[in-house]
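*Asks:* Just one file: coords-v3.pdb, with PDB, C-alpha atoms.
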```pdb
ATOM      1  CA  MET A   1     -37.885   0.328   0.805  1.00  0.00           C
ATOM      2  CA  GLN A   2     -34.768   1.001  -1.320  1.00  0.00           C
ATOM      3  CA  ALA A   3     -33.863   4.091   0.753  1.00  0.00           C
ATOM      4  CA  SER A   4     -34.226   2.053   3.951  1.00  0.00           C
ATOM      5  CA  VAL A   5     -31.840  -0.664   2.698  1.00  0.00           C
ATOM      6  CA  SER A   6     -29.354   1.994   1.563  1.00  0.00           C
ATOM      7  CA  ALA A   7     -29.491   3.769   4.935  1.00  0.00           C
ATOM      8  CA  THR A   8     -28.990   0.450   6.749  1.00  0.00           C
ATOM      9  CA  ASN A   9     -25.962  -0.391   4.568  1.00  0.00           C
ATOM     10  CA  GLU A  10     -24.470   3.056   5.281  1.00  0.00           C
ATOM     11  CA  ARG A  11     -24.934   2.547   9.051  1.00  0.00           C
ATOM     12  CA  VAL A  12     -23.290  -0.897   8.873  1.00  0.00           C
ATOM     13  CA  SER A  13     -20.378   0.541   6.860  1.00  0.00           C
ATOM     14  CA  ALA A  14     -20.034   3.482   9.283  1.00  0.00           C
ATOM     15  CA  THR A  15     -19.998   1.094  12.260  1.00  0.00           C
ATOM     16  CA  ALA A  16     -17.310  -1.026  10.571  1.00  0.00           C
ATOM     17  CA  SER A  17     -15.241   2.127   9.956  1.00  0.00           C
ATOM     18  CA  ASP A  18     -15.585   3.108  13.618  1.00  0.00           C
ATOM     19  CA  LEU A  19     -14.256  -0.301  14.677  1.00  0.00           C
ATOM     20  CA  ARG A  20     -11.315   0.089  12.303  1.00  0.00           C
ATOM     21  CA  SER A  21     -10.327   3.581  13.457  1.00  0.00           C
ATOM     22  CA  GLY A  22      -7.387   4.020  15.805  1.00  0.00           C
ATOM     23  CA  LYS A  23      -3.595   3.962  15.857  1.00  0.00           C
ATOM     24  CA  TYR A  24      -1.790   2.199  13.018  1.00  0.00           C
ATOM     25  CA  LEU A  25       1.864   1.438  12.341  1.00  0.00           C
ATOM     26  CA  VAL A  26       2.658   2.494   8.768  1.00  0.00           C
ATOM     27  CA  PHE A  27       5.289   0.511   6.876  1.00  0.00           C
ATOM     28  CA  ASP A  28       6.554   0.308   3.321  1.00  0.00           C
ATOM     29  CA  LEU A  29       6.176  -2.791   1.198  1.00  0.00           C
ATOM     30  CA  ASN A  30       7.322  -2.571  -2.427  1.00  0.00           C
ATOM     31  CA  GLY A  31       6.688   1.189  -2.506  1.00  0.00           C
ATOM     32  CA  GLU A  32       3.175   0.920  -1.062  1.00  0.00           C
ATOM     33  CA  GLU A  33       2.185   2.155   2.375  1.00  0.00           C
ATOM     34  CA  CYS A  34       0.546  -0.529   4.473  1.00  0.00           C
ATOM     35  CA  CYS A  35      -0.769  -0.255   8.015  1.00  0.00           C
ATOM     36  CA  ILE A  36      -1.436  -2.626  10.879  1.00  0.00           C
ATOM     37  CA  GLN A  37      -3.150  -1.826  14.149  1.00  0.00           C
ATOM     38  CA  VAL A  38      -0.622  -0.779  16.798  1.00  0.00           C
ATOM     39  CA  LEU A  39      -2.366  -3.031  19.335  1.00  0.00           C
ATOM     40  CA  LYS A  40      -1.157  -6.053  17.307  1.00  0.00           C
ATOM     41  CA  VAL A  41       2.495  -4.897  17.333  1.00  0.00           C
ATOM     42  CA  ARG A  42       4.721  -6.239  20.104  1.00  0.00           C
ATOM     43  CA  GLU A  43       8.026  -4.763  18.917  1.00  0.00           C
ATOM     44  CA  ILE A  44      10.086  -3.743  15.910  1.00  0.00           C
ATOM     45  CA  ILE A  45      13.575  -5.159  15.486  1.00  0.00           C
ATOM     46  CA  GLY A  46      16.281  -5.038  12.857  1.00  0.00           C
ATOM     47  CA  VAL A  47      16.803  -8.057  10.648  1.00  0.00           C
ATOM     48  CA  GLN A  48      18.889 -10.638  12.468  1.00  0.00           C
ATOM     49  CA  ASP A  49      20.078 -14.142  11.756  1.00  0.00           C
ATOM     50  CA  ILE A  50      17.092 -16.209  10.674  1.00  0.00           C
ATOM     51  CA  THR A  51      17.387 -19.973  10.955  1.00  0.00           C
ATOM     52  CA  ALA A  52      15.960 -21.487   7.780  1.00  0.00           C
ATOM     53  CA  VAL A  53      13.698 -24.486   8.218  1.00  0.00           C
ATOM     54  CA  PRO A  54      13.572 -27.005   5.345  1.00  0.00           C
ATOM     55  CA  GLN A  55      10.341 -27.777   3.500  1.00  0.00           C
ATOM     56  CA  THR A  56       8.523 -24.587   4.439  1.00  0.00           C
ATOM     57  CA  PRO A  57       6.778 -22.282   1.956  1.00  0.00           C
ATOM     58  CA  VAL A  58       9.082 -19.768   0.222  1.00  0.00           C
ATOM     59  CA  PHE A  59       7.564 -16.851   2.202  1.00  0.00           C
ATOM     60  CA  VAL A  60       8.498 -18.473   5.539  1.00  0.00           C
ATOM     61  CA  LYS A  61      12.048 -17.283   6.088  1.00  0.00           C
ATOM     62  CA  GLY A  62      12.511 -19.475   9.188  1.00  0.00           C
ATOM     63  CA  VAL A  63      12.669 -18.757  12.905  1.00  0.00           C
ATOM     64  CA  ILE A  64      14.511 -16.370  15.213  1.00  0.00           C
ATOM     65  CA  ASN A  65      15.359 -16.607  18.872  1.00  0.00           C
ATOM     66  CA  LEU A  66      13.861 -13.538  20.525  1.00  0.00           C
ATOM     67  CA  ARG A  67      14.893 -13.446  24.176  1.00  0.00           C
ATOM     68  CA  GLY A  68      14.566 -17.205  24.515  1.00  0.00           C
ATOM     69  CA  LYS A  69      11.355 -17.555  22.473  1.00  0.00           C
ATOM     70  CA  VAL A  70      11.290 -19.104  19.027  1.00  0.00           C
ATOM     71  CA  ILE A  71       9.370 -16.827  16.658  1.00  0.00           C
ATOM     72  CA  PRO A  72       8.496 -17.813  13.066  1.00  0.00           C
ATOM     73  CA  VAL A  73       9.343 -15.132  10.483  1.00  0.00           C
ATOM     74  CA  VAL A  74       7.397 -14.473   7.279  1.00  0.00           C
ATOM     75  CA  ASP A  75       8.580 -12.193   4.465  1.00  0.00           C
ATOM     76  CA  LEU A  76       5.457 -10.169   3.667  1.00  0.00           C
ATOM     77  CA  ARG A  77       6.738  -9.352   0.161  1.00  0.00           C
ATOM     78  CA  LEU A  78       6.896 -13.037  -0.716  1.00  0.00           C
ATOM     79  CA  LYS A  79       3.604 -13.814   1.035  1.00  0.00           C
ATOM     80  CA  PHE A  80       1.882 -11.258  -1.197  1.00  0.00           C
ATOM     81  CA  GLY A  81       3.640 -12.467  -4.361  1.00  0.00           C
ATOM     82  CA  LEU A  82       5.866  -9.388  -4.695  1.00  0.00           C
ATOM     83  CA  PRO A  83       9.448  -9.572  -5.993  1.00  0.00           C
ATOM     84  CA  GLN A  84      12.095 -10.534  -3.456  1.00  0.00           C
ATOM     85  CA  GLU A  85      14.518  -7.763  -2.437  1.00  0.00           C
ATOM     86  CA  GLU A  86      17.852  -7.874  -0.663  1.00  0.00           C
ATOM     87  CA  TYR A  87      17.519  -6.870   2.979  1.00  0.00           C
ATOM     88  CA  ASN A  88      19.149  -3.527   3.814  1.00  0.00           C
ATOM     89  CA  GLN A  89      19.565  -1.188   6.793  1.00  0.00           C
ATOM     90  CA  ARG A  90      15.914  -0.113   6.649  1.00  0.00           C
ATOM     91  CA  THR A  91      14.503  -3.640   6.396  1.00  0.00           C
ATOM     92  CA  CYS A  92      13.031  -4.723   9.716  1.00  0.00           C
ATOM     93  CA  ILE A  93      10.978  -7.369  11.444  1.00  0.00           C
ATOM     94  CA  ILE A  94       7.713  -6.342  13.048  1.00  0.00           C
ATOM     95  CA  VAL A  95       6.830  -8.803  15.794  1.00  0.00           C
ATOM     96  CA  VAL A  96       3.044  -9.120  15.915  1.00  0.00           C
ATOM     97  CA  GLN A  97       0.560 -11.129  17.904  1.00  0.00           C
ATOM     98  CA  VAL A  98      -1.738 -13.006  15.559  1.00  0.00           C
ATOM     99  CA  GLU A  99      -5.048 -14.399  16.767  1.00  0.00           C
ATOM    100  CA  ARG A 100      -6.988 -17.014  14.884  1.00  0.00           C
ATOM    101  CA  GLU A 101      -9.669 -19.415  16.077  1.00  0.00           C
ATOM    102  CA  SER A 102      -9.132 -18.311  19.710  1.00  0.00           C
ATOM    103  CA  ARG A 103      -5.386 -19.050  19.513  1.00  0.00           C
ATOM    104  CA  ALA A 104      -2.718 -16.400  19.814  1.00  0.00           C
ATOM    105  CA  MET A 105       0.846 -16.658  18.586  1.00  0.00           C
ATOM    106  CA  MET A 106       3.791 -14.351  18.036  1.00  0.00           C
ATOM    107  CA  MET A 107       5.093 -14.012  14.502  1.00  0.00           C
ATOM    108  CA  GLY A 108       7.668 -11.795  12.814  1.00  0.00           C
ATOM    109  CA  ILE A 109       6.882 -10.114   9.512  1.00  0.00           C
ATOM    110  CA  VAL A 110       9.700  -8.734   7.351  1.00  0.00           C
ATOM    111  CA  VAL A 111       8.894  -5.342   5.789  1.00  0.00           C
ATOM    112  CA  ASP A 112      10.955  -2.910   3.701  1.00  0.00           C
ATOM    113  CA  SER A 113      10.876  -0.129   6.312  1.00  0.00           C
ATOM    114  CA  VAL A 114       8.741   1.356   9.071  1.00  0.00           C
ATOM    115  CA  ALA A 115       7.518   4.913   8.574  1.00  0.00           C
ATOM    116  CA  GLU A 116       5.346   6.224  11.409  1.00  0.00           C
ATOM    117  CA  VAL A 117       2.390   5.718  13.707  1.00  0.00           C
ATOM    118  CA  LEU A 118      -0.821   7.387  12.537  1.00  0.00           C
ATOM    119  CA  ASN A 119      -4.123   7.941  14.253  1.00  0.00           C
ATOM    120  CA  ILE A 120      -6.651   7.098  11.527  1.00  0.00           C
ATOM    121  CA  SER A 121     -10.206   8.290  12.032  1.00  0.00           C
ATOM    122  CA  ALA A 122     -13.346   6.540  10.805  1.00  0.00           C
ATOM    123  CA  GLY A 123     -13.927   9.324   8.255  1.00  0.00           C
ATOM    124  CA  ASP A 124     -10.606   8.494   6.566  1.00  0.00           C
ATOM    125  CA  ILE A 125     -11.442   4.799   6.101  1.00  0.00           C
ATOM    126  CA  GLU A 126     -13.333   3.264   3.206  1.00  0.00           C
ATOM    127  CA  ASP A 127     -14.247  -0.345   2.584  1.00  0.00           C
ATOM    128  CA  SER A 128     -11.978  -2.289   0.246  1.00  0.00           C
ATOM    129  CA  PRO A 129     -13.239  -2.122  -3.326  1.00  0.00           C
ATOM    130  CA  ASN A 130     -14.631  -5.204  -5.002  1.00  0.00           C
ATOM    131  CA  PHE A 131     -11.881  -6.475  -7.293  1.00  0.00           C
ATOM    132  CA  GLY A 132     -14.190  -8.890  -9.087  1.00  0.00           C
ATOM    133  CA  GLN A 133     -15.054 -12.534  -8.896  1.00  0.00           C
ATOM    134  CA  GLY A 134     -12.241 -14.850  -7.905  1.00  0.00           C
ATOM    135  CA  VAL A 135     -10.233 -12.137  -6.094  1.00  0.00           C
ATOM    136  CA  ALA A 136     -10.473 -12.537  -2.324  1.00  0.00           C
ATOM    137  CA  THR A 137      -8.950  -9.918  -0.020  1.00  0.00           C
ATOM    138  CA  PRO A 138      -9.982 -10.976   3.509  1.00  0.00           C
ATOM    139  CA  TYR A 139      -6.667  -9.594   4.815  1.00  0.00           C
ATOM    140  CA  LEU A 140      -7.738  -6.009   3.981  1.00  0.00           C
ATOM    141  CA  LEU A 141      -9.604  -4.115   6.697  1.00  0.00           C
ATOM    142  CA  GLY A 142     -10.102  -1.242   4.308  1.00  0.00           C
ATOM    143  CA  MET A 143      -8.376   1.692   2.666  1.00  0.00           C
ATOM    144  CA  ALA A 144      -7.324   4.861   4.476  1.00  0.00           C
ATOM    145  CA  LYS A 145      -7.205   8.146   2.577  1.00  0.00           C
ATOM    146  CA  ILE A 146      -4.526  10.320   4.187  1.00  0.00           C
ATOM    147  CA  LYS A 147      -3.058  13.465   2.607  1.00  0.00           C
ATOM    148  CA  GLY A 148      -4.142  12.482  -0.893  1.00  0.00           C
ATOM    149  CA  ARG A 149      -2.621   8.984  -0.658  1.00  0.00           C
ATOM    150  CA  VAL A 150      -4.223   5.601  -0.094  1.00  0.00           C
ATOM    151  CA  LYS A 151      -2.869   3.324   2.609  1.00  0.00           C
ATOM    152  CA  LEU A 152      -3.786  -0.364   2.804  1.00  0.00           C
ATOM    153  CA  LEU A 153      -5.137  -1.343   6.217  1.00  0.00           C
ATOM    154  CA  LEU A 154      -4.103  -4.961   6.808  1.00  0.00           C
ATOM    155  CA  ASP A 155      -5.877  -7.349   9.145  1.00  0.00           C
ATOM    156  CA  ILE A 156      -2.765  -9.192  10.303  1.00  0.00           C
ATOM    157  CA  ASP A 157      -4.948 -11.965  11.764  1.00  0.00           C
ATOM    158  CA  GLU A 158      -6.176 -12.719   8.222  1.00  0.00           C
ATOM    159  CA  VAL A 159      -2.868 -12.403   6.335  1.00  0.00           C
ATOM    160  CA  MET A 160      -2.018 -16.012   7.143  1.00  0.00           C
ATOM    161  CA  SER A 161      -4.599 -18.757   6.589  1.00  0.00           C
ATOM    162  CA  SER A 162      -5.518 -21.104   9.431  1.00  0.00           C
ATOM    163  CA  GLN A 163      -3.536 -23.881   7.755  1.00  0.00           C
ATOM    164  CA  GLU A 164      -0.465 -21.664   7.382  1.00  0.00           C
ATOM    165  CA  LEU A 165      -0.706 -20.552  11.011  1.00  0.00           C
ATOM    166  CA  HIS A 166      -0.939 -24.167  12.126  1.00  0.00           C
ATOM    167  CA  GLY A 167       2.220 -24.894  10.129  1.00  0.00           C
ATOM    168  CA  LEU A 168       3.977 -21.907  11.739  1.00  0.00           C
ATOM    169  CA  ASP A 169       2.859 -23.083  15.167  1.00  0.00           C
ATOM    170  CA  LEU A 170       4.476 -26.479  14.502  1.00  0.00           C
ATOM    171  CA  LEU A 171       7.574 -24.736  13.147  1.00  0.00           C
ATOM    172  CA  LYS A 172       7.832 -22.659  16.317  1.00  0.00           C
ATOM    173  CA  LYS A 173       8.024 -25.827  18.412  1.00  0.00           C
ATOM    174  CA  GLN A 174      11.171 -26.908  16.549  1.00  0.00           C
ATOM    175  CA  GLU A 175      13.975 -25.185  18.452  1.00  0.00           C
ATOM    176  CA  PRO A 176      16.766 -23.984  16.164  1.00  0.00           C
ATOM    177  CA  GLN A 177      20.043 -25.725  16.774  1.00  0.00           C
ATOM    178  CA  ALA A 178      22.756 -23.403  18.145  1.00  0.00           C
TER     179      ALA A 178
END
```
Please express the file's structure as structure tokens.
*Replies:*
Amino acid sequence: MQASVSATNERVSATASDLRSGKYLVFDLNGEECCIQVLKVREIIGVQDITAVPQTPVFVKGVINLRGKVIPVVDLRLKFGLPQEEYNQRTCIIVVQVERESRAMMMGIVVDSVAEVLNISAGDIEDSPNFGQGVATPYLLGMAKIKGRVKLLLDIDEVMSSQELHGLDLLKKQEPQA
């Protein structure tokens, strides 16, 4: 019976890895390499003027006007509780499409720099380790082992909570004043 349960768990884990394999955009965040699925990326732009919106969480930098569309912008460093850094020439905004509860919205995420696009196979992906009780990491799809380094695979749909996304959706509807 124990061997059967173990074999079933391995098949489930292998199936999950297969679903997670594919092309990923690799970016730097506080010296760590993080990845998001290329299919979620709409474009990569340099940092531009961001219109601050009062009474938003510290990680919400504000909104930008991207070809006539208002896009909320989140600093991923601040969202993950990392120290704030001055933006430089390598800092960029990755415009992603986030889907939650059958709703889709465009959102910009500020990252330190973009590195490359990698094709990550199922054999290179492991499940996220258990960090203990009270530590939830639903935003991690898993860990990729590439060339002796570990890359964090982010589920961009899970990085923001439903409540935060609702707040960003409302923020998006407030056109910045020119």
*Asks:* Which residues of stretch 35-74 of chain A sit at most 9 Å from stretch 147-161 of chain A, using all atoms listed in the file? Give each one's shortest atom pair and distance in Å (one decimal place), in chain and ascending residue order, as CSV.
*Replies:*
```
residue,atom,partner,partner_atom,distance
A:Cys35,CA,A:Leu153,CA,4.8
A:Ile36,CA,A:Leu154,CA,5.4
A:Gln37,CA,A:Asp155,CA,7.9
A:Lys40,CA,A:Ile156,CA,7.8
```
*Asks:* Just say which residues the PyMOL selection byres ((chain A and resi 107) around 6) picks in this file, as a PyMOL selection string.
*Replies:* chain A and resi 71-73+95-96+106+108
*Asks:* Using the file's own x, y and z axes, so that the box edges lie along x, y and z, what centre and edge lengths in Å (one decimal) does a box around every listed atom of stretch 54-63 of chain A get when 8 Å is added on each side? Give it as lines of an AutoDock Vina configuration file.
*Replies:*
```
center_x = 10.2
center_y = -22.3
center_z = 6.6
size_x = 22.8
size_y = 26.9
size_z = 28.7
```
*Asks:* Give me, please, the distance in Å between atom CA of A:Ser21 and atom CA of A:Ile120, quoted to one decimal.
*Replies:*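 Going from atom CA of A:Ser21 over to atom CA of A:Ile120 covers 5.4 Å.
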*Asks:* What do you get, as a PyMOL selection string, if you spell out every residue that the PyMOL selection byres ((chain A and resi 64) around 7) selects here?
*Replies:* chain A and resi 49-51+63+65-66+70-72
*Asks:* Excluding A:Val58 and residues on its chain fewer than 4 positions from it, collect all residues at most 10 Å away from it, counting only C-alpha atoms, and give them as a PyMOL selection string.
*Replies:* chain A and resi 54+62+74-75+78-79
*Asks:* With a distance cut-off of 9 Å and all atoms listed in the file, select the neighbouring residues of A:Glu85, excluding the residue or stretch itself and same-chain residues fewer than 3 positions from it, and output the selection as a ChimeraX atom specification.
*Replies:* /A:30,77,88,112
*Asks:* Can you fill out stretch 27-44 of chain A with N, CA, C and O atoms and hand it back as a PDB file, keeping the file's coordinate frame?
*Replies:*
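Output contents, as saved in selection.pdb:
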```pdb
ATOM      1  N   PHE A  27       4.025   1.045   7.384  1.00  0.00           N
ATOM      2  CA  PHE A  27       5.289   0.511   6.876  1.00  0.00           C
ATOM      3  C   PHE A  27       5.235   0.431   5.362  1.00  0.00           C
ATOM      4  O   PHE A  27       4.175   0.473   4.757  1.00  0.00           O
ATOM      5  N   ASP A  28       6.419   0.351   4.775  1.00  0.00           N
ATOM      6  CA  ASP A  28       6.554   0.308   3.321  1.00  0.00           C
ATOM      7  C   ASP A  28       6.736  -1.133   2.866  1.00  0.00           C
ATOM      8  O   ASP A  28       7.474  -1.905   3.484  1.00  0.00           O
ATOM      9  N   LEU A  29       6.053  -1.474   1.805  1.00  0.00           N
ATOM     10  CA  LEU A  29       6.176  -2.791   1.198  1.00  0.00           C
ATOM     11  C   LEU A  29       6.115  -2.590  -0.314  1.00  0.00           C
ATOM     12  O   LEU A  29       5.055  -2.252  -0.844  1.00  0.00           O
ATOM     13  N   ASN A  30       7.246  -2.720  -0.971  1.00  0.00           N
ATOM     14  CA  ASN A  30       7.322  -2.571  -2.427  1.00  0.00           C
ATOM     15  C   ASN A  30       6.802  -1.208  -2.896  1.00  0.00           C
ATOM     16  O   ASN A  30       6.107  -1.100  -3.900  1.00  0.00           O
ATOM     17  N   GLY A  31       7.106  -0.160  -2.129  1.00  0.00           N
ATOM     18  CA  GLY A  31       6.688   1.189  -2.506  1.00  0.00           C
ATOM     19  C   GLY A  31       5.279   1.560  -2.104  1.00  0.00           C
ATOM     20  O   GLY A  31       4.847   2.684  -2.334  1.00  0.00           O
ATOM     21  N   GLU A  32       4.540   0.632  -1.518  1.00  0.00           N
ATOM     22  CA  GLU A  32       3.175   0.920  -1.062  1.00  0.00           C
ATOM     23  C   GLU A  32       3.174   1.086   0.449  1.00  0.00           C
ATOM     24  O   GLU A  32       3.935   0.420   1.160  1.00  0.00           O
ATOM     25  N   GLU A  33       2.309   1.964   0.940  1.00  0.00           N
ATOM     26  CA  GLU A  33       2.185   2.155   2.375  1.00  0.00           C
ATOM     27  C   GLU A  33       1.086   1.248   2.910  1.00  0.00           C
ATOM     28  O   GLU A  33      -0.067   1.333   2.483  1.00  0.00           O
ATOM     29  N   CYS A  34       1.480   0.386   3.822  1.00  0.00           N
ATOM     30  CA  CYS A  34       0.546  -0.529   4.473  1.00  0.00           C
ATOM     31  C   CYS A  34       0.492  -0.192   5.954  1.00  0.00           C
ATOM     32  O   CYS A  34       1.431   0.383   6.501  1.00  0.00           O
ATOM     33  N   CYS A  35      -0.592  -0.565   6.597  1.00  0.00           N
ATOM     34  CA  CYS A  35      -0.769  -0.255   8.015  1.00  0.00           C
ATOM     35  C   CYS A  35      -1.311  -1.473   8.752  1.00  0.00           C
ATOM     36  O   CYS A  35      -2.130  -2.212   8.213  1.00  0.00           O
ATOM     37  N   ILE A  36      -0.841  -1.640   9.988  1.00  0.00           N
ATOM     38  CA  ILE A  36      -1.436  -2.626  10.879  1.00  0.00           C
ATOM     39  C   ILE A  36      -1.728  -1.935  12.210  1.00  0.00           C
ATOM     40  O   ILE A  36      -1.052  -0.972  12.583  1.00  0.00           O
ATOM     41  N   GLN A  37      -2.753  -2.423  12.881  1.00  0.00           N
ATOM     42  CA  GLN A  37      -3.150  -1.826  14.149  1.00  0.00           C
ATOM     43  C   GLN A  37      -2.018  -1.938  15.159  1.00  0.00           C
ATOM     44  O   GLN A  37      -1.420  -3.002  15.330  1.00  0.00           O
ATOM     45  N   VAL A  38      -1.708  -0.824  15.820  1.00  0.00           N
ATOM     46  CA  VAL A  38      -0.622  -0.779  16.798  1.00  0.00           C
ATOM     47  C   VAL A  38      -0.844  -1.806  17.909  1.00  0.00           C
ATOM     48  O   VAL A  38       0.122  -2.384  18.411  1.00  0.00           O
ATOM     49  N   LEU A  39      -2.080  -2.072  18.259  1.00  0.00           N
ATOM     50  CA  LEU A  39      -2.366  -3.031  19.335  1.00  0.00           C
ATOM     51  C   LEU A  39      -1.875  -4.441  19.003  1.00  0.00           C
ATOM     52  O   LEU A  39      -1.676  -5.254  19.899  1.00  0.00           O
ATOM     53  N   LYS A  40      -1.662  -4.740  17.729  1.00  0.00           N
ATOM     54  CA  LYS A  40      -1.157  -6.053  17.307  1.00  0.00           C
ATOM     55  C   LYS A  40       0.370  -6.130  17.343  1.00  0.00           C
ATOM     56  O   LYS A  40       0.932  -7.207  17.298  1.00  0.00           O
ATOM     57  N   VAL A  41       1.033  -4.961  17.393  1.00  0.00           N
ATOM     58  CA  VAL A  41       2.495  -4.897  17.333  1.00  0.00           C
ATOM     59  C   VAL A  41       3.083  -5.096  18.728  1.00  0.00           C
ATOM     60  O   VAL A  41       2.683  -4.425  19.672  1.00  0.00           O
ATOM     61  N   ARG A  42       4.033  -6.013  18.837  1.00  0.00           N
ATOM     62  CA  ARG A  42       4.721  -6.239  20.104  1.00  0.00           C
ATOM     63  C   ARG A  42       6.055  -5.508  20.131  1.00  0.00           C
ATOM     64  O   ARG A  42       6.446  -4.967  21.139  1.00  0.00           O
ATOM     65  N   GLU A  43       6.780  -5.519  19.013  1.00  0.00           N
ATOM     66  CA  GLU A  43       8.026  -4.763  18.917  1.00  0.00           C
ATOM     67  C   GLU A  43       8.510  -4.740  17.477  1.00  0.00           C
ATOM     68  O   GLU A  43       8.020  -5.486  16.630  1.00  0.00           O
ATOM     69  N   ILE A  44       9.466  -3.862  17.229  1.00  0.00           N
ATOM     70  CA  ILE A  44      10.086  -3.743  15.910  1.00  0.00           C
ATOM     71  C   ILE A  44      11.582  -3.948  16.114  1.00  0.00           C
ATOM     72  O   ILE A  44      12.178  -3.291  16.975  1.00  0.00           O
TER      73      ILE A  44
END
```
